[in-house]
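Notes follow the structure.
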Amino acid sequence: MLKTTKRLLHWKRPRTVLLLTKESDAQIEQAANKVVGLLEKHKAEIVLESHFKQSRPDVDLVITLGGDGTLMHCSRLFPQQVPPVLSFSLGSLGFLIPFDFKDVRAAVNQIMQGPVPLVHRMRLEAQVNQEKPITFLNDLVVHRGRQAQLTVIDVGVGGQHLTDVVADGLILSTPTGSTAYNLSAGGPIVHPLIQSIIMTPICPRSLSFRPVLLPSELTVDLKLSHRARGHADVSIDGKEVYQFNHSDEMHIKLSPYPVPCVSTDNWLKDIKNTLRWNQNFIHSGVHPSFN
């Protein structure tokens with residue numbers, strides 16, 4: 001069996017747990033109350049997001065209730081070191097979410113007893129000019145926004161010029177983000193333990209422009225070409241961040257702070273069952289009609 005995880009060598013029982021949820025509704029409130037009850041039985045202190053943002057207490061564990069977007073939100077709350085994250089899916093696709101909520105009791109009991117298998121999901125950080133770097137778990141997208149013309153982006157890798165991207169945009173993705181926008185744009189699915197930066201063009205002018213996997217040790221440098229007719233827009237992990245102008249320079253590199261996610265070793269199963277990878281119409285129960 002392919003092992004995709006690492007175990008904590010020295011397990012410290014979680015005493016303070018941050019509980020993160022997507023936008024609250026009746027289902028979310030019911031699920032959160034159940035989690036709180038389970039944690040109280042283990043005498044754990046529960047911290048809600050509002051309190052965490054105000055006082056930033058030390059937490060030993062994060063539990064997320066929702067989908068992949070809730071995990072992205074967790075990553076944004078911890079730009080540096082991240083405690084172990086236990087994620088539960090509540091109805092959405094949740095490719096990154098290893099546990100269904102029906103298994104919440106067993107999963108909480110397991111993590112409280114420990115040790116548990118973890119996947120350390122690498123993150124990248126982007127810095128524009130001399131501003132504070134932004135850390136991201138999924139992807140960074142430079143795109144033409146509302147501009148009618150294709151954008152033109154100068155790309156350097158490891159201090160050397162690589163190419164000029166003439167396209168609707170460019171995606172720089174982590175392995176975790178490889179199953180998001182990158183996949184829709186024709187990029188590869190990359191195992192989360194393969195440390196790499198995935199560079200995928202969005203609708204490039206050149207038919208020979210294929211996605212590229214770069215070593216995570218290299219820095220990617222981006223700058224708008226003088227041939228670009230207007231500015232570009234930048235979004236990080238699905239959030240619009242800023243306008244990218246001709247005078248700006250962006251540097252993307254590996255973050256030293258991965259996200260340690262409690263795992264079930266089901267990555268191969270997930271790409272087959274959740275993404276329906278390499279399954280034809282017959283396997284999925286859909287038959288073409290010739291009537």
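Naming scheme: A, B, ... for chains in displayed order of the structure tokens; residues 1 onward per chain; ligands 1 onward as shown.
DSSP secondary structure from the backbone places Trp267, Leu268, Lys269, Asp270, Ile271, Lys272 and Asn273 of chain A of segment 251-280 of chain A in helix (DSSP H, G or I).
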**OP:** Write out as a PyMOL selection string the residues lying within 8 Å of segment 241-256 of chain A, counting only C-alpha atoms and excluding same-chain residues fewer than 3 positions away.
**Re:** chain A and resi 80+122-129+135+216-226+230-236
**OP:** For each of A:Ile28, A:Leu48, A:Val141, A:Cys261, take the minimum atom-to-atom distance to Leu90 of chain A, counting only C-alpha atoms, then give the residue where this is smallest.
**Re:** A:Ile28
Do you have, as JSON lines, the list of residues of segment 55-115 of chain A lying at most 9 Å from segment 263-272 of chain A, each with its nearest atom pair and that distance in Å to one decimal, counting only C-alpha atoms and ordered by chain then number?
```
{"residue": "A:Leu86", "atom": "CA", "partner": "A:Ser263", "partner_atom": "CA", "distance": 8.1}
{"residue": "A:Phe95", "atom": "CA", "partner": "A:Asp270", "partner_atom": "CA", "distance": 7.0}
{"residue": "A:Leu96", "atom": "CA", "partner": "A:Asp270", "partner_atom": "CA", "distance": 9.0}
{"residue": "A:Ile97", "atom": "CA", "partner": "A:Ser263", "partner_atom": "CA", "distance": 8.6}
{"residue": "A:Pro98", "atom": "CA", "partner": "A:Ser263", "partner_atom": "CA", "distance": 6.0}
{"residue": "A:Phe99", "atom": "CA", "partner": "A:Thr264", "partner_atom": "CA", "distance": 7.8}
```
Kindly save the residues from that selection, with C-alpha atoms included, as a compact mmCIF listing (two decimals), in the first residue's frame.
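Saved as selection.txt:
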```txt
# COMPACT_ATOMS: atom_id res chain seq x y z
CA LEU A 86 -8.52 17.88 11.30
CA PHE A 95 -11.44 16.77 -2.23
CA LEU A 96 -8.96 18.00 0.39
CA ILE A 97 -11.20 16.97 3.29
CA PRO A 98 -10.38 13.42 4.43
CA PHE A 99 -13.23 12.79 6.90
```
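Taking atom CA of Val85 of chain A as the reference point, atom CA of Pro215 of chain A is found at 26.0 Å.
Closest approach to Ala31 of chain A among A:Thr64, A:Gln110, A:Asn280, A:Thr274 is made by A:Thr64 (distances from only C-alpha atoms).
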Subject >> Residues near Val104 of chain A, cut-off 12 Å, only C-alpha atoms, skip fewer than 2 positions along chain, as an NGL selection string >> reply: :A and (31-39 or 63-65 or 86-90 or 98-102 or 106-111)
Subject >> Near-Pro83 of chain A list (9 Å; only C-alpha atoms; drop same-chain fewer than 3 positions) as a ChimeraX atom specification >> reply: /A:59-62,78,259-261
Subject >> DSSP strand (DSSP E) residues within segment 52-122 of chain A, listed as an MDAnalysis selection string >> reply: chainID A and resid 61:66 85:89 99:100 117:121
Same residues, N, CA, C and O atoms, saved as a short mmCIF file (atom, residue, chain, number, x, y, z; two decimals), in the first residue's frame:
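Okay, result.cif is ready:
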```cif
data_model
loop_
_atom_site.label_atom_id
_atom_site.label_comp_id
_atom_site.auth_asym_id
_atom_site.auth_seq_id
_atom_site.Cartn_x
_atom_site.Cartn_y
_atom_site.Cartn_z
N LEU A 61 -4.55 22.30 18.03
CA LEU A 61 -5.26 21.59 16.98
C LEU A 61 -6.30 22.52 16.38
O LEU A 61 -6.89 23.34 17.09
N VAL A 62 -6.53 22.39 15.07
CA VAL A 62 -7.61 23.11 14.40
C VAL A 62 -8.57 22.07 13.83
O VAL A 62 -8.14 21.11 13.18
N ILE A 63 -9.86 22.25 14.08
CA ILE A 63 -10.90 21.41 13.47
C ILE A 63 -11.70 22.30 12.54
O ILE A 63 -12.20 23.35 12.95
N THR A 64 -11.83 21.89 11.27
CA THR A 64 -12.62 22.65 10.31
C THR A 64 -13.86 21.86 9.92
O THR A 64 -13.81 20.64 9.74
N LEU A 65 -14.98 22.57 9.80
CA LEU A 65 -16.25 21.99 9.38
C LEU A 65 -16.70 22.73 8.13
O LEU A 65 -16.97 23.93 8.18
N GLY A 66 -16.77 22.04 7.01
CA GLY A 66 -17.16 22.68 5.77
C GLY A 66 -16.59 21.95 4.58
O GLY A 66 -16.66 20.73 4.49
N VAL A 85 -4.29 20.01 11.54
CA VAL A 85 -5.64 20.38 11.12
C VAL A 85 -6.44 19.10 10.85
O VAL A 85 -6.02 18.24 10.07
N LEU A 86 -7.59 19.00 11.50
CA LEU A 86 -8.52 17.88 11.30
C LEU A 86 -9.75 18.44 10.61
O LEU A 86 -10.44 19.30 11.16
N SER A 87 -10.04 17.97 9.39
CA SER A 87 -11.10 18.57 8.57
C SER A 87 -12.23 17.58 8.31
O SER A 87 -11.98 16.40 8.02
N PHE A 88 -13.46 18.09 8.40
CA PHE A 88 -14.65 17.28 8.15
C PHE A 88 -15.46 17.92 7.02
O PHE A 88 -15.67 19.13 6.99
N SER A 89 -15.93 17.07 6.11
CA SER A 89 -16.74 17.53 4.99
C SER A 89 -18.20 17.57 5.40
O SER A 89 -18.71 16.65 6.05
N PHE A 99 -12.25 13.44 6.04
CA PHE A 99 -13.23 12.79 6.90
C PHE A 99 -14.64 13.27 6.60
O PHE A 99 -14.88 14.47 6.47
N ASP A 100 -15.56 12.33 6.49
CA ASP A 100 -16.97 12.66 6.45
C ASP A 100 -17.45 12.90 7.87
O ASP A 100 -16.95 12.27 8.82
N PRO A 117 -1.74 9.94 11.59
CA PRO A 117 -1.00 10.20 10.34
C PRO A 117 -1.26 11.62 9.84
O PRO A 117 -2.39 12.10 9.88
N LEU A 118 -0.22 12.27 9.36
CA LEU A 118 -0.33 13.64 8.86
C LEU A 118 0.23 13.74 7.45
O LEU A 118 1.24 13.10 7.13
N VAL A 119 -0.41 14.54 6.63
CA VAL A 119 0.15 14.97 5.36
C VAL A 119 0.58 16.41 5.52
O VAL A 119 -0.23 17.27 5.88
N HIS A 120 1.87 16.68 5.28
CA HIS A 120 2.37 18.05 5.37
C HIS A 120 2.23 18.69 3.98
O HIS A 120 3.04 18.46 3.08
N ARG A 121 1.18 19.48 3.82
CA ARG A 121 0.90 20.11 2.54
C ARG A 121 1.72 21.39 2.40
O ARG A 121 1.56 22.33 3.18
#
```
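Atom pair atom CA of Val262 of chain A / atom CA of Met112 of chain A has a distance of 12.0 Å (rounded to one decimal).
The smallest atom-to-atom distance between Gly158 of chain A and any of A:Leu214, A:Val47, A:Pro175, A:Val116, using only C-alpha atoms, is found for A:Leu214.
Residues in contact with Ala228 of chain A at up to 9 Å, not including ones fewer than 5 positions away on its chain and judged by only C-alpha atoms, are Gln149, Leu150, Thr151, Val152, Ile153, Val166 and His246 of chain A.
Across the structure, atom CA of Val157 of chain A and atom CA of Thr200 of chain A are spaced 14.1 Å apart.
If you measure from each of A:Trp277, A:Pro79, A:Gln27, A:Glu45 to Arg15 of chain A using only C-alpha atoms, the closest one turns out to be A:Glu45.
The shell of residues at most 9 Å from Phe209 of chain A, with only C-alpha atoms counted and near chain neighbours (fewer than 5 positions) removed, consists of Val165, Thr200, Pro201 and Pro204 of chain A.
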Write the residues of the selection above to a file with N, CA, C and O atoms, as a tab-separated table (two decimals), in the first residue's frame.
```tsv
chain	number	residue	atom	x	y	z
A	165	VAL	N	4.89	34.82	-21.25
A	165	VAL	CA	3.57	34.20	-21.31
A	165	VAL	C	2.62	35.15	-22.01
A	165	VAL	O	2.39	36.26	-21.53
A	200	THR	N	1.05	26.68	-14.99
A	200	THR	CA	0.08	26.31	-16.02
A	200	THR	C	-0.49	27.57	-16.66
A	200	THR	O	-1.04	28.42	-15.97
A	201	PRO	N	-0.39	27.69	-17.99
A	201	PRO	CA	-0.98	28.86	-18.66
A	201	PRO	C	-2.49	28.72	-18.78
A	201	PRO	O	-3.03	27.61	-18.83
A	204	PRO	N	-3.31	29.91	-23.53
A	204	PRO	CA	-2.16	30.60	-24.14
A	204	PRO	C	-2.33	30.76	-25.64
A	204	PRO	O	-3.02	29.99	-26.30
```
Original post:
Looking at only C-alpha atoms, which of A:Gly238, A:Pro211, A:Gly169, A:Gly177 is the one that sits closest to His191 of chain A?
Top reply: A:Gly177
Subject >> Non-local contacts of Asp237 of chain A (8 Å; only C-alpha atoms; under 4 positions in same chain excluded) as a ChimeraX atom specification >> reply: /A:72,136-140
Using only N, CA, C and O atoms, please write the residues we just selected to a file, as a CSV table (one decimal), in the first residue's frame.
```
chain,number,residue,atom,x,y,z
A,72,MET,N,-8.8,26.4,3.2
A,72,MET,CA,-8.1,27.6,2.7
A,72,MET,C,-8.1,28.7,3.7
A,72,MET,O,-7.1,29.4,3.9
A,136,PHE,N,0.2,31.0,0.7
A,136,PHE,CA,-1.0,30.4,0.1
A,136,PHE,C,-0.8,28.9,0.0
A,136,PHE,O,0.3,28.4,-0.2
A,137,LEU,N,-2.0,28.2,0.1
A,137,LEU,CA,-2.0,26.7,0.1
A,137,LEU,C,-2.3,26.2,-1.3
A,137,LEU,O,-1.9,25.1,-1.7
A,138,ASN,N,-3.2,26.9,-2.1
A,138,ASN,CA,-3.7,26.3,-3.3
A,138,ASN,C,-2.9,26.9,-4.5
A,138,ASN,O,-2.1,26.2,-5.1
A,139,ASP,N,-3.2,28.2,-4.9
A,139,ASP,CA,-2.7,28.7,-6.1
A,139,ASP,C,-2.7,30.2,-6.1
A,139,ASP,O,-3.4,30.9,-5.4
A,140,LEU,N,-1.8,30.7,-7.0
A,140,LEU,CA,-1.8,32.2,-7.3
A,140,LEU,C,-2.0,32.3,-8.8
A,140,LEU,O,-1.5,31.6,-9.6
```
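Proximity ranking of A:Lys53, A:Arg146, A:Arg76, A:Lys41 relative to Pro258 of chain A places A:Arg76 first, based on only C-alpha atoms.
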